[in-house]
file my_file.txt (compact mmCIF, C-alpha atoms and all ligand atoms)
# COMPACT_ATOMS: atom_id res chain seq x y z
CA MET G 1 -18.06 1.24 6.55
CA LEU G 2 -17.74 -2.37 5.40
CA ASP G 3 -21.26 -2.30 3.94
CA LYS G 4 -20.52 0.80 1.95
CA LEU G 5 -17.25 -0.65 0.73
CA GLY G 6 -18.98 -3.95 -0.07
CA LYS G 7 -21.41 -2.08 -2.34
CA LYS G 8 -18.56 -0.22 -3.97
CA ILE G 9 -16.82 -3.55 -4.63
CA ASP G 10 -19.99 -4.95 -6.24
CA GLN G 11 -20.10 -1.93 -8.47
CA LEU G 12 -16.42 -2.33 -9.40
CA ILE G 13 -16.94 -5.98 -10.31
CA GLN G 14 -19.54 -4.82 -12.84
CA GLN G 15 -17.31 -2.06 -14.16
CA LYS G 16 -14.03 -3.96 -14.19
CA PRO G 17 -14.82 -7.66 -14.64
CA ILE G 18 -11.17 -8.53 -15.32
CA TYR G 19 -10.46 -7.73 -11.67
CA GLN G 20 -13.36 -9.79 -10.35
CA GLU G 21 -11.17 -12.41 -8.67
CA ALA G 22 -8.93 -9.85 -6.96
CA LEU G 23 -11.96 -7.84 -5.83
CA LEU G 24 -13.70 -10.88 -4.39
CA VAL G 25 -10.56 -11.91 -2.50
CA TYR G 26 -10.15 -8.40 -1.15
CA ARG G 27 -13.75 -8.33 0.07
CA GLU G 28 -13.44 -11.73 1.75
CA LEU G 29 -10.25 -10.76 3.52
CA LEU G 30 -11.63 -7.45 4.79
CA GLY G 31 -13.91 -9.35 7.15
CA PHE G 32 -10.87 -10.98 8.81
CA LEU G 33 -9.15 -7.62 9.22
CA ASP G 34 -12.04 -6.32 11.28
CA GLU G 35 -11.72 -9.20 13.75
CA ILE G 36 -8.34 -7.98 14.98
CA GLN G 37 -8.18 -5.29 17.63
CA PRO G 38 -4.49 -4.39 17.68
CA VAL G 39 -2.75 -3.48 20.90
CA ILE G 40 -0.47 -0.54 20.21
CA THR G 41 1.15 1.90 22.57
CA TYR G 42 2.53 5.18 21.40
CA ASP G 43 4.14 7.87 23.47
CA ALA G 44 4.23 11.20 21.61
CA GLY G 45 7.34 12.23 23.61
CA ASP G 46 8.93 15.63 23.45
CA ALA G 47 7.41 17.99 20.85
CA SER G 48 10.60 20.02 20.40
CA VAL G 49 12.69 16.92 19.65
CA ARG G 50 10.06 15.83 17.16
CA GLU G 51 10.12 19.21 15.51
CA ILE G 52 13.89 19.10 15.00
CA LYS G 53 13.66 15.57 13.63
CA THR G 54 10.94 16.43 11.12
CA ARG G 55 12.70 19.61 10.03
CA GLU G 56 15.62 17.39 9.07
CA GLY G 57 13.36 15.05 7.17
CA PHE G 58 13.07 12.16 9.63
CA PRO G 59 9.65 10.54 9.66
CA LEU G 60 7.95 9.80 12.96
CA PHE G 61 9.02 6.14 12.64
CA SER G 62 11.07 4.07 10.28
CA ARG G 63 9.63 0.81 8.95
CA GLY G 64 11.83 -1.18 11.31
CA ASP G 65 10.71 0.53 14.51
CA LEU G 66 6.97 0.90 13.95
CA PRO G 67 5.11 0.08 17.17
CA ILE G 68 2.89 -2.57 15.63
CA ASP G 69 1.00 -5.45 17.18
CA HIS G 70 3.28 -8.28 16.04
CA GLU G 71 1.18 -11.03 17.61
CA GLY G 72 -1.98 -9.72 15.95
CA ALA G 73 -0.25 -9.44 12.57
CA VAL G 74 1.12 -13.01 12.79
CA LEU G 75 -2.31 -14.33 13.76
CA LEU G 76 -4.00 -12.48 10.94
CA PHE G 77 -1.43 -13.62 8.35
CA GLN G 78 -2.10 -17.20 9.42
CA ARG G 79 -5.86 -16.75 9.25
CA LEU G 80 -5.67 -15.27 5.77
CA LEU G 81 -3.43 -18.12 4.70
CA GLU G 82 -5.85 -20.69 6.12
CA HIS G 83 -8.77 -19.03 4.43
CA LEU G 84 -7.15 -18.70 1.00
CA SER G 85 -5.86 -22.28 1.07
CA SER G 86 -9.45 -23.48 1.62
CA THR G 87 -10.67 -21.75 -1.55
CA LYS G 88 -10.43 -22.89 -5.15
CA ARG G 89 -7.55 -20.61 -6.05
CA LYS G 90 -4.98 -21.81 -8.57
CA ASP G 91 -2.20 -21.42 -5.99
CA ARG G 92 -4.07 -23.39 -3.33
CA ASP G 93 -1.35 -26.06 -3.17
CA ALA G 94 1.33 -23.44 -2.51
CA LEU G 95 -0.82 -21.82 0.17
CA GLU G 96 -1.27 -25.20 1.80
CA GLN G 97 2.49 -25.77 1.69
CA ALA G 98 3.00 -22.41 3.34
CA LEU G 99 0.48 -23.37 6.01
CA ASN G 100 2.34 -26.62 6.65
CA ARG G 101 5.56 -24.69 6.91
CA VAL G 102 3.97 -22.39 9.50
CA GLN G 103 2.80 -25.38 11.51
CA GLY G 104 6.30 -26.91 11.43
CA LYS G 105 8.10 -23.64 12.02
CA PRO G 106 5.94 -21.14 13.92
CA THR G 107 8.44 -18.30 13.39
CA TRP G 108 7.97 -18.45 9.60
CA VAL G 109 5.20 -15.84 9.52
CA ARG G 110 7.05 -13.51 11.87
CA ASP G 111 10.14 -13.78 9.65
CA MET G 112 8.09 -13.08 6.55
CA ILE G 113 6.46 -10.01 8.08
CA TRP G 114 9.86 -8.78 9.20
CA ALA G 115 11.32 -9.32 5.71
CA PHE G 116 8.42 -7.31 4.30
CA LEU G 117 8.83 -4.47 6.80
CA SER G 118 12.56 -4.26 6.31
CA GLY G 119 12.18 -4.33 2.52
CA ASP G 120 14.28 -7.49 2.21
CA GLU G 121 13.04 -8.56 -1.22
CA GLY G 122 15.62 -11.35 -1.48
CA ARG G 123 14.39 -12.93 1.75
CA ILE G 124 10.72 -12.63 0.74
CA THR G 125 11.48 -14.34 -2.56
CA THR G 126 13.55 -17.15 -1.01
CA MET G 127 11.00 -17.85 1.72
CA SER G 128 8.09 -17.78 -0.75
CA LEU G 129 9.73 -20.00 -3.33
CA GLU G 130 10.62 -22.58 -0.67
CA VAL G 131 6.88 -23.24 -0.41
CA ALA G 132 6.20 -22.56 -4.12
CA LEU G 133 4.25 -19.41 -3.26
CA TRP G 134 4.37 -16.35 -5.49
CA PRO G 135 6.40 -13.68 -3.67
CA MET G 136 3.72 -11.12 -4.58
CA VAL G 137 1.12 -13.18 -2.70
CA ALA G 138 3.36 -13.36 0.38
CA ARG G 139 3.90 -9.60 0.14
CA PHE G 140 0.17 -9.01 -0.21
CA LEU G 141 -0.59 -11.17 2.85
CA ALA G 142 2.05 -9.39 4.94
CA HIS G 143 0.64 -6.03 3.88
CA MET G 144 -2.93 -7.07 4.73
CA ALA G 145 -1.84 -8.60 8.07
CA LEU G 146 -0.31 -5.27 9.07
CA GLN G 147 -3.33 -3.17 8.14
CA PRO G 148 -5.17 -3.27 11.52
CA SER G 149 -1.96 -2.07 13.22
CA MET G 150 -1.47 0.61 10.60
CA ARG G 151 -5.04 1.84 10.98
CA SER G 152 -4.63 2.14 14.77
CA LEU G 153 -1.26 3.80 14.40
CA ARG G 154 -2.69 6.35 11.96
CA GLU G 155 -5.45 7.16 14.43
CA LEU G 156 -3.02 7.48 17.34
CA THR G 157 -0.57 9.72 15.53
CA THR G 158 -2.72 11.77 13.13
CA GLU G 159 -2.69 14.84 15.33
CA VAL G 160 1.10 14.77 15.70
CA VAL G 161 1.81 14.06 12.04
CA GLN G 162 -0.66 16.63 10.75
CA GLY G 163 1.28 19.24 12.68
CA TYR G 164 4.37 18.58 10.55
CA THR G 165 5.63 20.82 7.82
CA TRP G 166 6.48 18.05 5.42
CA ASN G 167 7.71 18.54 1.86
CA TYR G 168 9.20 15.14 1.24
CA GLY G 169 8.18 12.40 -1.15
CA TYR G 170 8.20 9.72 1.54
CA CYS G 171 5.67 9.15 4.29
CA PRO G 172 5.94 11.39 7.38
CA LEU G 173 4.58 8.57 9.53
CA CYS G 174 6.59 5.53 8.46
CA GLY G 175 9.09 6.70 5.84
CA SER G 176 7.76 4.47 3.03
CA THR G 177 7.34 5.56 -0.56
CA PRO G 178 3.92 6.47 -1.98
CA ASN G 179 2.18 3.96 -4.22
CA MET G 180 -0.68 6.19 -5.38
CA ALA G 181 -1.58 9.85 -5.55
CA TYR G 182 -4.75 11.85 -6.01
CA LEU G 183 -5.74 15.34 -7.01
CA SER G 184 -8.31 16.75 -4.62
CA ASP G 185 -11.44 18.69 -5.61
CA GLU G 186 -9.34 21.85 -5.30
CA GLY G 187 -6.67 20.39 -7.56
CA LYS G 188 -4.11 19.83 -4.78
CA ARG G 189 -1.98 16.71 -4.97
CA PHE G 190 -1.84 14.19 -2.12
CA LEU G 191 0.41 11.13 -1.92
CA HIS G 192 -0.75 7.87 -0.39
CA CYS G 193 1.71 5.75 1.61
CA GLU G 194 2.12 2.22 0.31
CA LEU G 195 2.50 0.76 3.80
CA CYS G 196 0.51 2.71 6.39
CA GLY G 197 -1.97 4.45 4.09
CA TYR G 198 -1.25 7.93 5.44
CA GLU G 199 -1.90 10.71 2.90
CA TRP G 200 0.03 13.95 2.73
CA HIS G 201 0.05 17.05 0.59
CA TYR G 202 2.85 17.31 -1.96
CA PRO G 203 3.48 19.85 -4.75
CA ARG G 204 2.06 18.87 -8.12
CA LEU G 205 5.13 19.94 -10.02
CA LYS G 206 7.70 17.91 -8.13
CA CYS G 207 8.78 14.29 -8.50
CA PRO G 208 8.12 12.43 -5.20
CA PHE G 209 11.08 10.13 -5.85
CA CYS G 210 13.98 12.36 -6.88
CA GLY G 211 12.60 15.82 -6.10
CA GLU G 212 12.88 17.08 -9.71
CA GLU G 213 10.91 20.31 -10.14
CA ARG G 214 11.63 21.41 -13.70
CA ALA G 215 8.35 21.26 -15.64
CA LYS G 216 10.15 20.04 -18.78
CA ASP G 217 11.22 16.87 -16.93
CA LEU G 218 7.78 16.06 -15.52
CA GLY G 219 4.86 14.71 -17.47
CA TYR G 220 1.75 12.60 -17.39
CA PHE G 221 -0.37 10.53 -19.69
CA THR G 222 -3.88 9.19 -19.47
CA SER G 223 -5.58 6.03 -20.60
CA GLU G 224 -8.64 6.48 -22.80
CA GLU G 225 -10.71 3.83 -21.03
CA ASP G 226 -10.05 5.17 -17.54
CA GLU G 227 -11.40 8.66 -17.20
CA GLY G 228 -10.03 10.33 -14.10
CA TYR G 229 -6.89 8.18 -13.92
CA ARG G 230 -3.48 9.34 -15.04
CA ILE G 231 0.13 8.32 -14.77
CA ASP G 232 2.50 11.04 -13.61
CA PHE G 233 6.12 10.38 -14.45
CA CYS G 234 9.57 11.91 -14.16
CA LYS G 235 11.97 11.93 -17.10
CA LYS G 236 14.95 12.23 -14.79
CA CYS G 237 14.51 9.15 -12.56
CA ARG G 238 11.99 7.37 -14.88
CA ARG G 239 9.64 6.60 -12.02
CA TYR G 240 5.88 6.97 -12.18
CA ILE G 241 2.91 7.18 -9.88
CA LYS G 242 -0.72 6.39 -10.64
CA THR G 243 -2.93 9.37 -9.88
CA LEU G 244 -6.68 9.69 -9.43
CA ASP G 245 -8.33 12.97 -10.29
CA MET G 246 -11.12 13.35 -7.74
CA ARG G 247 -12.66 16.11 -9.84
CA LEU G 248 -13.56 13.42 -12.38
CA ILE G 249 -14.05 10.43 -10.07
CA GLY G 250 -16.94 10.90 -7.71
CA PHE G 251 -16.48 8.15 -5.18
CA PRO G 252 -13.22 6.21 -5.44
CA ALA G 253 -12.44 2.96 -3.65
CA PRO G 254 -9.80 3.12 -0.89
CA LEU G 255 -6.50 3.81 -2.62
CA GLU G 256 -4.93 0.47 -1.69
CA LEU G 257 -7.81 -1.14 -3.59
CA GLU G 258 -7.54 1.34 -6.47
CA ASP G 259 -3.88 0.29 -6.71
CA LEU G 260 -4.95 -3.31 -7.09
CA ILE G 261 -7.52 -2.66 -9.82
CA THR G 262 -5.33 -0.43 -11.95
CA LEU G 263 -2.61 -2.96 -12.69
CA HIS G 264 -3.25 -2.43 -16.40
CA LEU G 265 -1.97 1.13 -15.92
CA ASP G 266 1.23 -0.27 -14.38
CA VAL G 267 1.62 -2.46 -17.45
CA LEU G 268 1.12 0.60 -19.67
CA ALA G 269 3.68 2.62 -17.73
CA GLN G 270 6.22 -0.18 -17.64
CA LYS G 271 5.88 -0.66 -21.40
CA GLN G 272 7.10 2.92 -21.72
CA GLY G 273 10.21 2.00 -19.76
CA LEU G 274 9.02 3.56 -16.50
CA LYS G 275 9.73 2.02 -13.10
CA ALA G 276 7.18 1.26 -10.38
CA SER G 277 6.91 3.91 -7.69
CA GLY G 278 7.55 2.01 -4.47
CA ASP G 279 10.45 -0.23 -3.63
CA GLN G 280 7.98 -2.46 -1.80
CA HIS G 281 4.92 -2.16 -4.03
CA ALA G 282 2.88 -4.35 -1.78
CA SER G 283 -0.63 -4.78 -3.01
CA ARG G 284 -0.40 -7.50 -5.58
CA ILE G 285 -2.56 -10.60 -5.71
ZN ZN W 1 3.45 5.43 5.86
ZN ZN W 2 12.16 11.76 -10.43

call {"tool": "encode", "arguments": {"input": "my_file.txt", "output": "structure tokens"}}
result
Amino acid sequence: MLDKLGKKIDQLIQQKPIYQEALLVYRELLGFLDEIQPVITYDAGDASVREIKTREGFPLFSRGDLPIDHEGAVLLFQRLLEHLSSTKRKDRDALEQALNRVQGKPTWVRDMIWAFLSGDEGRITTMSLEVALWPMVARFLAHMALQPSMRSLRELTTEVVQGYTWNYGYCPLCGSTPNMAYLSDEGKRFLHCELCGYEWHYPRLKCPFCGEERAKDLGYFTSEEDEGYRIDFCKKCRRYIKTLDMRLIGFPAPLELEDLITLHLDVLAQKQGLKASGDQHASRI
């Protein structure tokens, strides 16, 4: 899996040289993610209770009660921080400061991960700026540190979640907003969760954020240089979501990586006065 992804990243570096640095960082960090074997326990509980909950639109978990491996996530965050501060990045000094802070105050990482999970943007910003770190880097590290847990959780709960009848624009597994979407080979739309990476089917003519269904209020535009990529937007809530058309893109990168290497599409959308899809919008480095 890593080999295949490594080759894809090489190919992307050739195709999108402006994202070379981000792609190289992502590839380096992937190796660390594979070293963590998260310990997660999940009890599926009573199916009838679950059914009532999902019918009323409650996801399996909320971000605050996800059964994640906190120890593993803290350890991984620290490892990523150590690694990045040993590279030649421009923000190396800030990363080192953050590392010093962690050594002086071991709960710092745990607090940061909690701020990220609970969507406390103010706290993320304050904690980051105290060590001169860009909040988006802290957010990215927290997101990466949680990925092994999220992968395990997806595996443990897939069967349960796939049994849901789910027509909502937020994730059935963790309740987060989608950060990307794709159109399958059959033309069906799927949304991709910005936190746990779960993907679920969602109508094409419906805004994931406000539920608007009138065709006159929904639209999309494409960028000439990026065949197979489009930006779907809603005129009512002014939100947008980047969408990959799999009928035109043969072999995409994982969507969290696609999110990272399509930042120019975010710029394009935001220039039109549109707002980013997620309230967390994690993957930024
Ligand atoms: Zn999710
Ligand atoms: Zn909308």

call {"tool": "atom_distance", "arguments": {"input": "my_file.txt", "atom1": "CA of Gly122 in chain G", "atom2": "CA of Ser176 in chain G"}}
result
18.2 Å

call {"tool": "residues_around", "arguments": {"input": "my_file.txt", "residues": "Arg204 in chain G", "least_positions_apart": "4", "cutoff": "12 Å", "atoms": "only C-alpha atoms", "output": "JSON list (two decimals) with C-alpha atoms, keeping the file's coordinate frame"}}
result
[["chain", "number", "residue", "atom", "x", "y", "z"],
["G", 167, "ASN", "CA", 7.71, 18.54, 1.86],
["G", 169, "GLY", "CA", 8.18, 12.40, -1.15],
["G", 181, "ALA", "CA", -1.58, 9.85, -5.55],
["G", 182, "TYR", "CA", -4.75, 11.85, -6.01],
["G", 183, "LEU", "CA", -5.74, 15.34, -7.01],
["G", 184, "SER", "CA", -8.31, 16.75, -4.62],
["G", 187, "GLY", "CA", -6.67, 20.39, -7.56],
["G", 188, "LYS", "CA", -4.11, 19.83, -4.78],
["G", 189, "ARG", "CA", -1.98, 16.71, -4.97],
["G", 190, "PHE", "CA", -1.84, 14.19, -2.12],
["G", 191, "LEU", "CA", 0.41, 11.13, -1.92],
["G", 208, "PRO", "CA", 8.12, 12.43, -5.20],
["G", 211, "GLY", "CA", 12.60, 15.82, -6.10],
["G", 212, "GLU", "CA", 12.88, 17.08, -9.71],
["G", 213, "GLU", "CA", 10.91, 20.31, -10.14],
["G", 214, "ARG", "CA", 11.63, 21.41, -13.70],
["G", 215, "ALA", "CA", 8.35, 21.26, -15.64],
["G", 218, "LEU", "CA", 7.78, 16.06, -15.52],
["G", 219, "GLY", "CA", 4.86, 14.71, -17.47],
["G", 220, "TYR", "CA", 1.75, 12.60, -17.39],
["G", 232, "ASP", "CA", 2.50, 11.04, -13.61],
["G", 233, "PHE", "CA", 6.12, 10.38, -14.45],
["G", 234, "CYS", "CA", 9.57, 11.91, -14.16],
["G", 241, "ILE", "CA", 2.91, 7.18, -9.88],
["G", 243, "THR", "CA", -2.93, 9.37, -9.88]]

call {"tool": "closest_residue", "arguments": {"input": "my_file.txt", "among": "G:Val160, G:Met246, G:Leu141, G:Leu146", "to": "Asp46 in chain G", "atoms": "all atoms listed in the file"}}
result
G:Val160

call {"tool": "residues_around", "arguments": {"input": "my_file.txt", "residues": "Cys174 in chain G", "least_positions_apart": "4", "cutoff": "8 Å", "atoms": "all atoms listed in the file", "output": "PyMOL selection string"}}
result
chain G and resi 59-63+66+195-196

call {"tool": "atom_distance", "arguments": {"input": "my_file.txt", "atom1": "CA of Ile9 in chain G", "atom2": "CA of His83 in chain G"}}
result
19.7 Å

call {"tool": "residues_around", "arguments": {"input": "my_file.txt", "residues": "Tyr26 in chain G", "least_positions_apart": "2", "cutoff": "10 Å", "atoms": "all atoms listed in the file", "output": "PyMOL selection string"}}
result
chain G and resi 6+9+20-24+28-31+144+257+260+285

call {"tool": "atom_distance", "arguments": {"input": "my_file.txt", "atom1": "CA of Asp266 in chain G", "atom2": "CA of Lys16 in chain G"}}
result
15.7 Å

call {"tool": "residues_around", "arguments": {"input": "my_file.txt", "residues": "Gly228 in chain G", "least_positions_apart": "5", "cutoff": "7 Å", "atoms": "all atoms listed in the file", "output": "list in words"}}
result
Leu244, Asp245, Leu248 and Ile249 of chain G

call {"tool": "closest_residue", "arguments": {"input": "my_file.txt", "among": "G:Gly273, G:Pro67, G:Pro148, G:Gly175", "to": "ligand ZN 1 (chain W)", "atoms": "only C-alpha atoms and all ligand atoms"}}
result
G:Gly175

call {"tool": "closest_residue", "arguments": {"input": "my_file.txt", "among": "G:Lys216, G:Arg79, G:Lys275, G:Arg89", "to": "Lys242 in chain G", "atoms": "only C-alpha atoms"}}
result
G:Lys275

call {"tool": "residues_near_point", "arguments": {"input": "my_file.txt", "point": "(1.6, -25.2, -2.4)", "cutoff": "12 Å", "atoms": "all atoms listed in the file", "output": "list in words"}}
result
Leu81, Leu84, Ser85, Ser86, Arg89, Lys90, Asp91, Arg92, Asp93, Ala94, Leu95, Glu96, Gln97, Ala98, Leu99, Asn100, Arg101, Ser128, Leu129, Glu130, Val131, Ala132, Leu133 and Trp134 of chain G

call {"tool": "write_last_selection", "arguments": {"input": "my_file.txt", "atoms": "C-alpha atoms", "output": "PDB file, in the frame of the given file"}}
result
ATOM      1  CA  LEU G  81      -3.430 -18.120   4.700  1.00  0.00           C
ATOM      2  CA  LEU G  84      -7.150 -18.700   1.000  1.00  0.00           C
ATOM      3  CA  SER G  85      -5.860 -22.280   1.070  1.00  0.00           C
ATOM      4  CA  SER G  86      -9.450 -23.480   1.620  1.00  0.00           C
ATOM      5  CA  ARG G  89      -7.550 -20.610  -6.050  1.00  0.00           C
ATOM      6  CA  LYS G  90      -4.980 -21.810  -8.570  1.00  0.00           C
ATOM      7  CA  ASP G  91      -2.200 -21.420  -5.990  1.00  0.00           C
ATOM      8  CA  ARG G  92      -4.070 -23.390  -3.330  1.00  0.00           C
ATOM      9  CA  ASP G  93      -1.350 -26.060  -3.170  1.00  0.00           C
ATOM     10  CA  ALA G  94       1.330 -23.440  -2.510  1.00  0.00           C
ATOM     11  CA  LEU G  95      -0.820 -21.820   0.170  1.00  0.00           C
ATOM     12  CA  GLU G  96      -1.270 -25.200   1.800  1.00  0.00           C
ATOM     13  CA  GLN G  97       2.490 -25.770   1.690  1.00  0.00           C
ATOM     14  CA  ALA G  98       3.000 -22.410   3.340  1.00  0.00           C
ATOM     15  CA  LEU G  99       0.480 -23.370   6.010  1.00  0.00           C
ATOM     16  CA  ASN G 100       2.340 -26.620   6.650  1.00  0.00           C
ATOM     17  CA  ARG G 101       5.560 -24.690   6.910  1.00  0.00           C
ATOM     18  CA  SER G 128       8.090 -17.780  -0.750  1.00  0.00           C
ATOM     19  CA  LEU G 129       9.730 -20.000  -3.330  1.00  0.00           C
ATOM     20  CA  GLU G 130      10.620 -22.580  -0.670  1.00  0.00           C
ATOM     21  CA  VAL G 131       6.880 -23.240  -0.410  1.00  0.00           C
ATOM     22  CA  ALA G 132       6.200 -22.560  -4.120  1.00  0.00           C
ATOM     23  CA  LEU G 133       4.250 -19.410  -3.260  1.00  0.00           C
ATOM     24  CA  TRP G 134       4.370 -16.350  -5.490  1.00  0.00           C
TER      25      TRP G 134
END

call {"tool": "closest_residue", "arguments": {"input": "my_file.txt", "among": "G:His192, G:Lys236, G:Lys206, G:His70", "to": "Ala145 in chain G", "atoms": "only C-alpha atoms"}}
result
G:His70

call {"tool": "residues_around", "arguments": {"input": "my_file.txt", "residues": "Thr222 in chain G", "least_positions_apart": "3", "cutoff": "7 Å", "atoms": "only C-alpha atoms", "output": "list in words"}}
result
Tyr229, Arg230 and Ile231 of chain G

call {"tool": "closest_residue", "arguments": {"input": "my_file.txt", "among": "G:Glu56, G:Glu256, G:Asp3, G:Asp34", "to": "Thr165 in chain G", "atoms": "all atoms listed in the file"}}
result
G:Glu56

call {"tool": "closest_residue", "arguments": {"input": "my_file.txt", "among": "G:Glu258, G:Glu224, G:Asp65, G:Asp217", "to": "Glu194 in chain G", "atoms": "all atoms listed in the file"}}
result
G:Glu258

call {"tool": "axis_aligned_box", "arguments": {"input": "my_file.txt", "around": "range 123-138 of chain G", "padding_each_side": "8 Å", "output": "AutoDock Vina command-line options"}}
result
--center_x 7.8 --center_y -17.2 --center_z -1.9 --size_x 29.3 --size_y 28.1 --size_z 23.2

call {"tool": "decode", "arguments": {"input": "my_file.txt", "residues": "range 121-133 of chain G", "atoms": "N, CA, C and O atoms", "output": "PDB file, in the first residue's frame"}}
result
ATOM      1  N   GLU G 121     -11.347  26.299  17.760  1.00  0.00           N
ATOM      2  CA  GLU G 121     -10.375  27.012  16.929  1.00  0.00           C
ATOM      3  C   GLU G 121      -9.598  28.066  17.720  1.00  0.00           C
ATOM      4  O   GLU G 121      -8.411  28.277  17.499  1.00  0.00           O
ATOM      5  N   GLY G 122     -10.290  28.718  18.656  1.00  0.00           N
ATOM      6  CA  GLY G 122      -9.647  29.753  19.466  1.00  0.00           C
ATOM      7  C   GLY G 122      -8.495  29.159  20.271  1.00  0.00           C
ATOM      8  O   GLY G 122      -7.404  29.730  20.336  1.00  0.00           O
ATOM      9  N   ARG G 123      -8.747  28.002  20.855  1.00  0.00           N
ATOM     10  CA  ARG G 123      -7.730  27.338  21.676  1.00  0.00           C
ATOM     11  C   ARG G 123      -6.542  26.878  20.810  1.00  0.00           C
ATOM     12  O   ARG G 123      -5.394  27.020  21.202  1.00  0.00           O
ATOM     13  N   ILE G 124      -6.853  26.324  19.635  1.00  0.00           N
ATOM     14  CA  ILE G 124      -5.770  25.879  18.739  1.00  0.00           C
ATOM     15  C   ILE G 124      -4.882  27.075  18.397  1.00  0.00           C
ATOM     16  O   ILE G 124      -3.653  27.004  18.458  1.00  0.00           O
ATOM     17  N   THR G 125      -5.526  28.196  18.056  1.00  0.00           N
ATOM     18  CA  THR G 125      -4.763  29.385  17.665  1.00  0.00           C
ATOM     19  C   THR G 125      -3.919  29.890  18.831  1.00  0.00           C
ATOM     20  O   THR G 125      -2.718  30.148  18.673  1.00  0.00           O
ATOM     21  N   THR G 126      -4.517  30.012  20.018  1.00  0.00           N
ATOM     22  CA  THR G 126      -3.765  30.526  21.174  1.00  0.00           C
ATOM     23  C   THR G 126      -2.576  29.618  21.478  1.00  0.00           C
ATOM     24  O   THR G 126      -1.446  30.097  21.630  1.00  0.00           O
ATOM     25  N   MET G 127      -2.833  28.308  21.559  1.00  0.00           N
ATOM     26  CA  MET G 127      -1.751  27.385  21.896  1.00  0.00           C
ATOM     27  C   MET G 127      -0.648  27.402  20.843  1.00  0.00           C
ATOM     28  O   MET G 127       0.538  27.315  21.164  1.00  0.00           O
ATOM     29  N   SER G 128      -1.033  27.507  19.563  1.00  0.00           N
ATOM     30  CA  SER G 128      -0.033  27.514  18.489  1.00  0.00           C
ATOM     31  C   SER G 128       0.808  28.779  18.558  1.00  0.00           C
ATOM     32  O   SER G 128       2.043  28.734  18.504  1.00  0.00           O
ATOM     33  N   LEU G 129       0.122  29.916  18.682  1.00  0.00           N
ATOM     34  CA  LEU G 129       0.848  31.188  18.640  1.00  0.00           C
ATOM     35  C   LEU G 129       1.774  31.363  19.842  1.00  0.00           C
ATOM     36  O   LEU G 129       2.789  32.043  19.751  1.00  0.00           O
ATOM     37  N   GLU G 130       1.451  30.712  20.952  1.00  0.00           N
ATOM     38  CA  GLU G 130       2.338  30.773  22.128  1.00  0.00           C
ATOM     39  C   GLU G 130       3.729  30.214  21.808  1.00  0.00           C
ATOM     40  O   GLU G 130       4.711  30.583  22.436  1.00  0.00           O
ATOM     41  N   VAL G 131       3.767  29.286  20.839  1.00  0.00           N
ATOM     42  CA  VAL G 131       5.076  28.737  20.451  1.00  0.00           C
ATOM     43  C   VAL G 131       5.445  29.164  19.022  1.00  0.00           C
ATOM     44  O   VAL G 131       6.284  28.556  18.369  1.00  0.00           O
ATOM     45  N   ALA G 132       4.762  30.206  18.534  1.00  0.00           N
ATOM     46  CA  ALA G 132       5.013  30.781  17.207  1.00  0.00           C
ATOM     47  C   ALA G 132       4.761  29.805  16.056  1.00  0.00           C
ATOM     48  O   ALA G 132       5.316  29.946  14.964  1.00  0.00           O
ATOM     49  N   LEU G 133       3.921  28.812  16.308  1.00  0.00           N
ATOM     50  CA  LEU G 133       3.617  27.814  15.278  1.00  0.00           C
ATOM     51  C   LEU G 133       2.368  28.253  14.511  1.00  0.00           C
ATOM     52  O   LEU G 133       1.454  28.819  15.090  1.00  0.00           O
TER      53      LEU G 133
END
